[in-house]
file upload_31.cif (mmCIF, C-alpha atoms)
data_entry
loop_
_atom_site.label_atom_id
_atom_site.label_comp_id
_atom_site.auth_asym_id
_atom_site.auth_seq_id
_atom_site.Cartn_x
_atom_site.Cartn_y
_atom_site.Cartn_z
CA MET U 1 99.68 21.93 118.11
CA ALA U 2 100.82 19.82 115.19
CA GLU U 3 104.29 18.36 115.56
CA LEU U 4 106.63 15.96 113.86
CA GLY U 5 107.43 12.61 115.38
CA GLU U 6 111.16 11.86 115.72
CA ALA U 7 111.24 9.51 112.75
CA HIS U 8 109.39 12.03 110.59
CA GLU U 9 111.78 14.78 111.65
CA ALA U 10 114.84 12.73 110.69
CA GLU U 11 113.23 11.84 107.38
CA LEU U 12 112.44 15.49 106.72
CA GLN U 13 116.04 16.50 107.46
CA ARG U 14 117.28 13.89 105.02
CA LEU U 15 114.93 15.05 102.26
CA VAL U 16 115.74 18.73 102.84
CA ALA U 17 119.49 17.98 102.71
CA ALA U 18 118.97 16.23 99.36
CA GLU U 19 117.08 19.25 98.01
CA GLN U 20 119.84 21.56 99.25
CA ARG U 21 122.44 19.57 97.34
CA LYS U 22 120.30 19.79 94.20
CA ALA U 23 119.86 23.55 94.70
CA GLN U 24 123.62 24.00 95.08
CA PHE U 25 124.18 22.09 91.83
CA THR U 26 121.65 24.25 90.00
CA ALA U 27 123.17 27.47 91.34
CA GLN U 28 126.57 26.34 90.11
CA VAL U 29 125.16 25.59 86.64
CA HIS U 30 123.71 29.12 86.49
CA HIS U 31 127.15 30.45 87.35
CA PHE U 32 128.81 28.38 84.60
CA MET U 33 126.24 29.66 82.11
CA GLU U 34 127.13 33.19 83.12
CA LEU U 35 130.74 32.64 82.03
CA CYS U 36 130.47 30.03 79.29
CA TRP U 37 127.61 31.42 77.21
CA ASP U 38 129.61 34.53 76.36
CA LYS U 39 132.71 32.49 75.54
CA CYS U 40 131.05 29.84 73.42
CA VAL U 41 127.92 31.14 71.75
CA GLU U 42 128.37 33.64 68.93
CA LYS U 43 124.98 34.30 67.39
CA PRO U 44 122.11 32.00 68.44
CA GLY U 45 121.14 29.78 65.49
CA ASN U 46 118.65 27.01 64.83
CA ARG U 47 120.55 24.60 66.98
CA LEU U 48 123.79 24.31 68.97
CA ASP U 49 126.49 22.98 66.67
CA SER U 50 129.03 20.45 67.94
CA CYS U 51 131.74 23.08 68.16
CA THR U 52 129.62 25.08 70.59
CA GLU U 53 128.65 21.98 72.56
CA ASN U 54 132.33 21.02 72.96
CA CYS U 55 133.17 24.57 74.00
CA LEU U 56 130.49 24.54 76.70
CA SER U 57 131.64 21.16 78.09
CA SER U 58 135.28 22.21 78.04
CA CYS U 59 134.38 25.51 79.67
CA VAL U 60 133.00 23.69 82.71
CA ASP U 61 136.05 21.43 83.00
CA ARG U 62 138.54 24.28 82.52
CA PHE U 63 136.77 26.43 85.09
CA ILE U 64 137.02 23.62 87.65
CA ASP U 65 140.69 23.06 86.71
CA THR U 66 141.28 26.80 87.18
CA THR U 67 139.67 26.70 90.61
CA LEU U 68 141.87 23.79 91.66
CA ALA U 69 145.01 25.45 90.22
CA ILE U 70 144.31 28.71 92.05
CA THR U 71 143.60 26.97 95.35
CA SER U 72 146.80 24.96 95.31
CA ARG U 73 149.01 27.85 94.13
CA PHE U 74 147.49 30.13 96.72
CA ALA U 75 148.36 27.64 99.43
CA GLN U 76 151.95 27.58 98.12
CA ILE U 77 152.20 31.38 98.09
CA VAL U 78 151.02 31.55 101.66
CA GLN U 79 153.44 28.81 102.71
CA LYS U 80 156.31 30.85 101.31
CA GLY U 81 155.28 33.79 103.47
CA GLY U 82 153.61 35.94 100.85
CA GLN U 83 152.21 39.40 101.26
CA TYR U 84 149.29 38.36 103.37
CA ALA U 85 149.23 38.86 107.11
CA ILE U 86 151.05 35.96 108.68
CA PRO U 87 150.66 35.37 112.40
CA GLN U 88 153.92 35.96 114.25
CA GLU U 89 155.47 32.90 115.79
CA ASN U 90 159.00 32.27 117.04
CA ASP U 91 158.95 28.63 116.10
CA ARG U 92 158.82 28.78 112.31
CA SER U 93 159.12 25.02 112.04
CA LYS U 94 155.37 24.83 112.44
CA GLY U 95 153.45 24.59 109.20
CA LEU U 96 150.86 26.99 107.90
CA VAL U 97 147.35 25.77 107.37
CA ILE U 98 144.45 27.49 105.66
CA LYS U 99 141.24 26.81 107.48
CA GLN U 100 137.75 27.66 106.48
CA THR U 101 135.52 28.30 109.44
CA GLU U 102 132.49 30.27 110.35
CA GLY U 103 132.58 32.41 113.40
CA PRO U 104 135.45 34.05 115.26
CA VAL U 105 139.12 33.89 114.29
CA GLY U 106 140.82 31.03 116.11
CA GLU U 107 143.88 31.22 118.32
CA GLY U 108 147.11 31.65 116.39
CA CYS U 109 145.10 32.56 113.30
CA GLN U 110 144.72 35.61 111.10
CA PRO U 111 141.71 36.22 108.85
CA ILE U 112 142.69 36.56 105.21
CA VAL U 113 139.68 36.21 102.98
CA ARG U 114 136.01 36.48 103.71
CA SER U 115 133.97 34.37 101.33
CA ALA U 116 130.25 33.78 101.08
CA SER U 117 130.49 30.60 103.11
CA GLY U 118 132.72 31.86 105.89
CA CYS U 119 136.20 33.07 106.64
CA TYR U 120 139.45 31.66 105.43
CA GLN U 121 142.03 31.89 108.16
CA ILE U 122 145.75 31.22 108.13
CA CYS U 123 146.75 29.37 111.23
CA TRP U 124 149.90 27.91 112.71
CA CYS U 125 149.32 24.21 113.28
CA MET P 1 94.10 23.40 109.45
CA GLU P 2 96.20 26.51 108.89
CA GLY P 3 99.96 26.67 109.25
CA GLY P 4 102.02 29.75 110.04
CA PHE P 5 102.03 30.97 106.44
CA GLY P 6 98.36 30.57 105.81
CA SER P 7 98.68 27.19 104.09
CA ASP P 8 98.11 23.66 105.20
CA PHE P 9 101.50 22.06 105.77
CA GLY P 10 100.08 18.62 105.20
CA GLY P 11 98.42 18.58 108.59
CA SER P 12 95.10 17.26 107.32
CA GLY P 13 93.58 17.77 110.72
CA SER P 14 95.32 14.81 112.29
CA GLY P 15 97.80 16.83 114.36
CA LYS P 16 100.76 15.20 112.63
CA LEU P 17 102.82 16.80 109.84
CA ASP P 18 103.51 14.70 106.76
CA PRO P 19 107.10 15.04 105.47
CA GLY P 20 105.97 13.97 102.00
CA LEU P 21 103.50 16.82 101.65
CA ILE P 22 105.90 19.34 103.16
CA MET P 23 108.57 18.28 100.67
CA GLU P 24 106.14 18.69 97.79
CA GLN P 25 105.70 22.32 98.73
CA VAL P 26 109.45 22.79 99.26
CA LYS P 27 110.15 21.35 95.81
CA VAL P 28 107.58 23.62 94.18
CA GLN P 29 109.11 26.69 95.84
CA ILE P 30 112.58 25.68 94.73
CA ALA P 31 111.36 25.06 91.18
CA VAL P 32 109.73 28.50 91.05
CA ALA P 33 112.91 30.18 92.32
CA ASN P 34 114.99 28.31 89.74
CA ALA P 35 112.64 29.34 86.93
CA GLN P 36 112.91 32.99 88.00
CA GLU P 37 116.70 32.75 88.06
CA LEU P 38 116.76 31.12 84.62
CA LEU P 39 114.45 33.75 83.11
CA GLN P 40 116.41 36.65 84.54
CA ARG P 41 119.73 35.38 83.22
CA MET P 42 118.28 34.32 79.87
CA THR P 43 116.74 37.74 79.38
CA ASP P 44 120.04 39.42 80.16
CA LYS P 45 122.06 37.24 77.80
CA CYS P 46 119.58 37.37 74.94
CA PHE P 47 119.21 41.12 75.19
CA ARG P 48 122.97 41.43 74.82
CA LYS P 49 123.08 39.03 71.85
CA CYS P 50 120.04 40.22 69.96
CA ILE P 51 119.51 43.90 70.52
CA GLY P 52 122.12 46.17 68.97
CA LYS P 53 121.25 49.80 69.06
CA PRO P 54 117.88 49.96 70.89
CA GLY P 55 115.21 51.33 68.51
CA GLY P 56 111.62 52.41 68.97
CA SER P 57 110.39 48.81 69.18
CA LEU P 58 111.60 45.24 68.69
CA ASP P 59 111.79 44.58 64.95
CA ASN P 60 111.16 41.17 63.32
CA SER P 61 114.77 40.07 63.25
CA GLU P 62 115.22 40.97 66.89
CA GLN P 63 112.11 39.01 67.88
CA LYS P 64 113.26 35.98 65.88
CA CYS P 65 116.69 36.24 67.45
CA ILE P 66 115.18 36.35 70.93
CA ALA P 67 113.10 33.22 70.26
CA MET P 68 116.12 31.31 68.95
CA CYS P 69 118.29 32.62 71.73
CA MET P 70 115.89 31.31 74.36
CA ASP P 71 115.94 27.83 72.82
CA ARG P 72 119.74 27.86 72.50
CA TYR P 73 120.12 29.11 76.06
CA MET P 74 118.13 26.17 77.36
CA ASP P 75 120.06 23.74 75.14
CA ALA P 76 123.29 25.22 76.50
CA TRP P 77 121.97 24.93 80.06
CA ASN P 78 121.39 21.22 79.54
CA THR P 79 124.85 20.74 78.01
CA VAL P 80 126.53 22.53 80.90
CA SER P 81 124.46 20.64 83.45
CA ARG P 82 125.47 17.28 81.92
CA ALA P 83 129.13 18.29 81.74
CA TYR P 84 129.15 19.40 85.39
CA ASN P 85 127.43 16.22 86.52
CA SER P 86 129.98 14.09 84.63
CA ARG P 87 132.86 16.00 86.16
CA LEU P 88 131.48 15.58 89.67
CA GLN P 89 131.16 11.84 89.14
CA ARG P 90 134.70 11.63 87.80
CA GLU P 91 136.04 13.51 90.81
CA ARG P 92 134.11 11.26 93.18
CA ALA P 93 135.49 8.18 91.44
CA ASN P 94 139.04 9.50 91.93
CA MET P 95 138.70 10.18 95.64
#
call {"tool": "encode", "arguments": {"input": "upload_31.cif", "output": "structure tokens"}}
result
Amino acid sequence: MAELGEAHEAELQRLVAAEQRKAQFTAQVHHFMELCWDKCVEKPGNRLDSCTENCLSSCVDRFIDTTLAITSRFAQIVQKGGQYAIPQENDRSKGLVIKQTEGPVGEGCQPIVRSASGCYQICWC
Amino acid sequence: MEGGFGSDFGGSGSGKLDPGLIMEQVKVQIAVANAQELLQRMTDKCFRKCIGKPGGSLDNSEQKCIAMCMDRYMDAWNTVSRAYNSRLQRERANM
């Protein structure tokens, strides 16, 4: 039966990981197109004018800024004991931490959001 | 030599698998999947932009619009791809 030598296997893992990163990048670009095309392109002409090009570039940057803004504000809301399920603890001096893990909910944690890549849990640390 | 999916995974009868040849096939499969994704989304967007009230067939202006839309969609894809790449590099530089 054909098999990979150890060195070949490590090499293959490295190459596959590189391809996975490229695939993730491409998937993200498709997602940006989904949002930004509608916002930036009126009626398709003979070429993209500079106004449209700027809009598309800005769209990517603003989307990333939005993601960062939402993530940080969400963490603040949770810290202030928002409307999400907070695990009960007597010692409130412990901080709240949002963890992203796959698999079961950890000790002292409550699941809050299930995303494509796993569960976000709020945990006392 | 046949692999599990009916194709030669670079075995070439020697009993050893060649990562280079395997990766070639992986890259081709990924490229095909990406092309399918691109076509599906492009079709969706260009239908929305170019076809107003659907008639009995695609008239000349609609066909022209579709052709231009495809070209602009791919131009836009490249613009977005460059912008995203730049942003990633900027973020990495700031870390």
call {"tool": "residues_around", "arguments": {"input": "upload_31.cif", "residues": "stretch 78-89 of chain P", "least_positions_apart": "4", "cutoff": "9 Å", "atoms": "all atoms listed in the file", "output": "VMD selection string"}}
result
(chain U and resid 25 to 26 28 to 29 32 to 33 36 53 56 to 61 64) or (chain P and resid 73 to 74 93 to 94)
call {"tool": "atom_distance", "arguments": {"input": "upload_31.cif", "atom1": "atom CA of P:Met70", "atom2": "atom CA of P:Cys46"}}
result
7.1 Å
call {"tool": "closest_residue", "arguments": {"input": "upload_31.cif", "among": "P:Ile51, P:Lys27, P:Arg90, P:Asp18", "to": "P:Ile66", "atoms": "all atoms listed in the file"}}
result
P:Ile51
call {"tool": "resolve_selection", "arguments": {"input": "upload_31.cif", "expression": "the PyMOL selection byres ((chain U) within 10 of (chain P))", "output": "PyMOL selection string"}}
result
chain U and resi 1-5+8-13+15-16+19-20+22-23+25-34+36-38+40-48+52-61+64
call {"tool": "atom_distance", "arguments": {"input": "upload_31.cif", "atom1": "atom CA of P:Ser57", "atom2": "atom CA of P:Gln36"}}
result
24.7 Å
call {"tool": "atom_distance", "arguments": {"input": "upload_31.cif", "atom1": "atom CA of U:Asp49", "atom2": "atom CA of U:Asp65"}}
result
24.6 Å
call {"tool": "axis_aligned_box", "arguments": {"input": "upload_31.cif", "around": "stretch 66-82 of chain P", "padding_each_side": "5 Å", "output": "JSON"}}
result
{"center_x": 119.8, "center_y": 26.8, "center_z": 76.2, "size_x": 23.4, "size_y": 29.1, "size_z": 24.5}
call {"tool": "decode", "arguments": {"input": "upload_31.cif", "residues": "stretch 20-69 of chain P", "atoms": "N, CA and C atoms", "output": "short mmCIF file (atom, residue, chain, number, x, y, z; two decimals), in the first residue's frame"}}
result
data_model
loop_
_atom_site.label_atom_id
_atom_site.label_comp_id
_atom_site.auth_asym_id
_atom_site.auth_seq_id
_atom_site.Cartn_x
_atom_site.Cartn_y
_atom_site.Cartn_z
N GLY P 20 4.00 16.87 -4.29
CA GLY P 20 3.88 17.84 -5.38
C GLY P 20 2.70 17.54 -6.28
N LEU P 21 2.57 16.27 -6.66
CA LEU P 21 1.49 15.89 -7.56
C LEU P 21 0.13 15.95 -6.86
N ILE P 22 0.12 15.54 -5.57
CA ILE P 22 -1.12 15.64 -4.81
C ILE P 22 -1.58 17.09 -4.76
N MET P 23 -0.64 17.99 -4.47
CA MET P 23 -0.98 19.41 -4.34
C MET P 23 -1.48 19.98 -5.65
N GLU P 24 -0.93 19.49 -6.77
CA GLU P 24 -1.44 19.95 -8.06
C GLU P 24 -2.93 19.68 -8.17
N GLN P 25 -3.32 18.47 -7.79
CA GLN P 25 -4.73 18.09 -7.88
C GLN P 25 -5.58 18.89 -6.89
N VAL P 26 -5.03 19.11 -5.68
CA VAL P 26 -5.74 19.91 -4.68
C VAL P 26 -5.98 21.32 -5.23
N LYS P 27 -4.94 21.90 -5.81
CA LYS P 27 -5.06 23.27 -6.33
C LYS P 27 -6.09 23.35 -7.45
N VAL P 28 -6.12 22.35 -8.31
CA VAL P 28 -7.10 22.34 -9.41
C VAL P 28 -8.52 22.29 -8.83
N GLN P 29 -8.72 21.41 -7.84
CA GLN P 29 -10.05 21.31 -7.24
C GLN P 29 -10.48 22.61 -6.59
N ILE P 30 -9.55 23.26 -5.91
CA ILE P 30 -9.86 24.54 -5.27
C ILE P 30 -10.19 25.59 -6.32
N ALA P 31 -9.42 25.60 -7.42
CA ALA P 31 -9.66 26.58 -8.48
C ALA P 31 -11.04 26.38 -9.10
N VAL P 32 -11.42 25.13 -9.32
CA VAL P 32 -12.73 24.83 -9.89
C VAL P 32 -13.84 25.32 -8.95
N ALA P 33 -13.70 25.02 -7.66
CA ALA P 33 -14.70 25.44 -6.69
C ALA P 33 -14.81 26.96 -6.66
N ASN P 34 -13.68 27.65 -6.72
CA ASN P 34 -13.68 29.12 -6.71
C ASN P 34 -14.38 29.68 -7.94
N ALA P 35 -14.12 29.06 -9.10
CA ALA P 35 -14.75 29.51 -10.34
C ALA P 35 -16.27 29.34 -10.26
N GLN P 36 -16.72 28.23 -9.69
CA GLN P 36 -18.15 27.99 -9.52
C GLN P 36 -18.78 29.05 -8.63
N GLU P 37 -18.10 29.35 -7.53
CA GLU P 37 -18.58 30.35 -6.59
C GLU P 37 -18.69 31.70 -7.29
N LEU P 38 -17.64 32.07 -8.01
CA LEU P 38 -17.59 33.35 -8.72
C LEU P 38 -18.75 33.46 -9.71
N LEU P 39 -18.94 32.40 -10.50
CA LEU P 39 -20.00 32.41 -11.52
C LEU P 39 -21.38 32.56 -10.90
N GLN P 40 -21.60 31.82 -9.81
CA GLN P 40 -22.90 31.85 -9.16
C GLN P 40 -23.22 33.26 -8.66
N ARG P 41 -22.24 33.88 -8.00
CA ARG P 41 -22.47 35.20 -7.44
C ARG P 41 -22.59 36.26 -8.53
N MET P 42 -21.74 36.13 -9.56
CA MET P 42 -21.76 37.06 -10.69
C MET P 42 -23.11 37.01 -11.38
N THR P 43 -23.61 35.81 -11.61
CA THR P 43 -24.90 35.64 -12.26
C THR P 43 -26.00 36.33 -11.46
N ASP P 44 -25.98 36.12 -10.17
CA ASP P 44 -26.97 36.70 -9.28
C ASP P 44 -26.94 38.23 -9.35
N LYS P 45 -25.75 38.79 -9.21
CA LYS P 45 -25.61 40.25 -9.20
C LYS P 45 -25.98 40.85 -10.54
N CYS P 46 -25.55 40.24 -11.61
CA CYS P 46 -25.79 40.81 -12.94
C CYS P 46 -27.25 40.65 -13.37
N PHE P 47 -27.89 39.61 -12.91
CA PHE P 47 -29.33 39.48 -13.15
C PHE P 47 -30.06 40.65 -12.50
N ARG P 48 -29.68 40.93 -11.24
CA ARG P 48 -30.33 42.02 -10.52
C ARG P 48 -30.10 43.37 -11.19
N LYS P 49 -28.87 43.57 -11.69
CA LYS P 49 -28.54 44.88 -12.29
C LYS P 49 -29.14 45.06 -13.67
N CYS P 50 -29.22 43.98 -14.43
CA CYS P 50 -29.49 44.12 -15.86
C CYS P 50 -30.90 43.76 -16.32
N ILE P 51 -31.54 42.90 -15.56
CA ILE P 51 -32.87 42.48 -16.00
C ILE P 51 -33.94 43.14 -15.15
N GLY P 52 -34.72 44.02 -15.78
CA GLY P 52 -35.78 44.71 -15.05
C GLY P 52 -36.99 43.79 -14.94
N LYS P 53 -38.00 44.10 -15.75
CA LYS P 53 -39.14 43.21 -15.74
C LYS P 53 -38.85 42.08 -16.71
N PRO P 54 -38.79 40.84 -16.25
CA PRO P 54 -38.40 39.73 -17.14
C PRO P 54 -39.38 39.58 -18.30
N GLY P 55 -38.84 39.64 -19.55
CA GLY P 55 -39.68 39.51 -20.75
C GLY P 55 -39.62 38.12 -21.32
N GLY P 56 -39.96 37.99 -22.58
CA GLY P 56 -40.02 36.68 -23.22
C GLY P 56 -38.65 36.12 -23.56
N SER P 57 -37.65 37.06 -23.69
CA SER P 57 -36.28 36.63 -23.94
C SER P 57 -35.36 37.78 -23.53
N LEU P 58 -34.05 37.54 -23.58
CA LEU P 58 -33.11 38.61 -23.25
C LEU P 58 -32.94 39.51 -24.46
N ASP P 59 -33.31 40.79 -24.35
CA ASP P 59 -33.14 41.67 -25.50
C ASP P 59 -31.68 42.15 -25.60
N ASN P 60 -31.38 42.92 -26.67
CA ASN P 60 -30.00 43.33 -26.95
C ASN P 60 -29.37 44.11 -25.82
N SER P 61 -30.13 45.05 -25.28
CA SER P 61 -29.57 45.89 -24.21
C SER P 61 -29.27 45.06 -22.98
N GLU P 62 -30.13 44.09 -22.70
CA GLU P 62 -29.91 43.23 -21.54
C GLU P 62 -28.65 42.38 -21.76
N GLN P 63 -28.47 41.86 -22.96
CA GLN P 63 -27.29 41.03 -23.24
C GLN P 63 -26.01 41.85 -23.13
N LYS P 64 -26.07 43.09 -23.66
CA LYS P 64 -24.89 43.98 -23.58
C LYS P 64 -24.58 44.28 -22.13
N CYS P 65 -25.63 44.55 -21.36
CA CYS P 65 -25.47 44.87 -19.95
C CYS P 65 -24.82 43.71 -19.22
N ILE P 66 -25.27 42.50 -19.52
CA ILE P 66 -24.72 41.31 -18.86
C ILE P 66 -23.23 41.18 -19.17
N ALA P 67 -22.85 41.39 -20.43
CA ALA P 67 -21.44 41.28 -20.81
C ALA P 67 -20.59 42.31 -20.06
N MET P 68 -21.08 43.55 -20.02
CA MET P 68 -20.33 44.60 -19.30
C MET P 68 -20.29 44.31 -17.81
N CYS P 69 -21.42 43.85 -17.31
CA CYS P 69 -21.51 43.55 -15.88
C CYS P 69 -20.49 42.49 -15.47
#
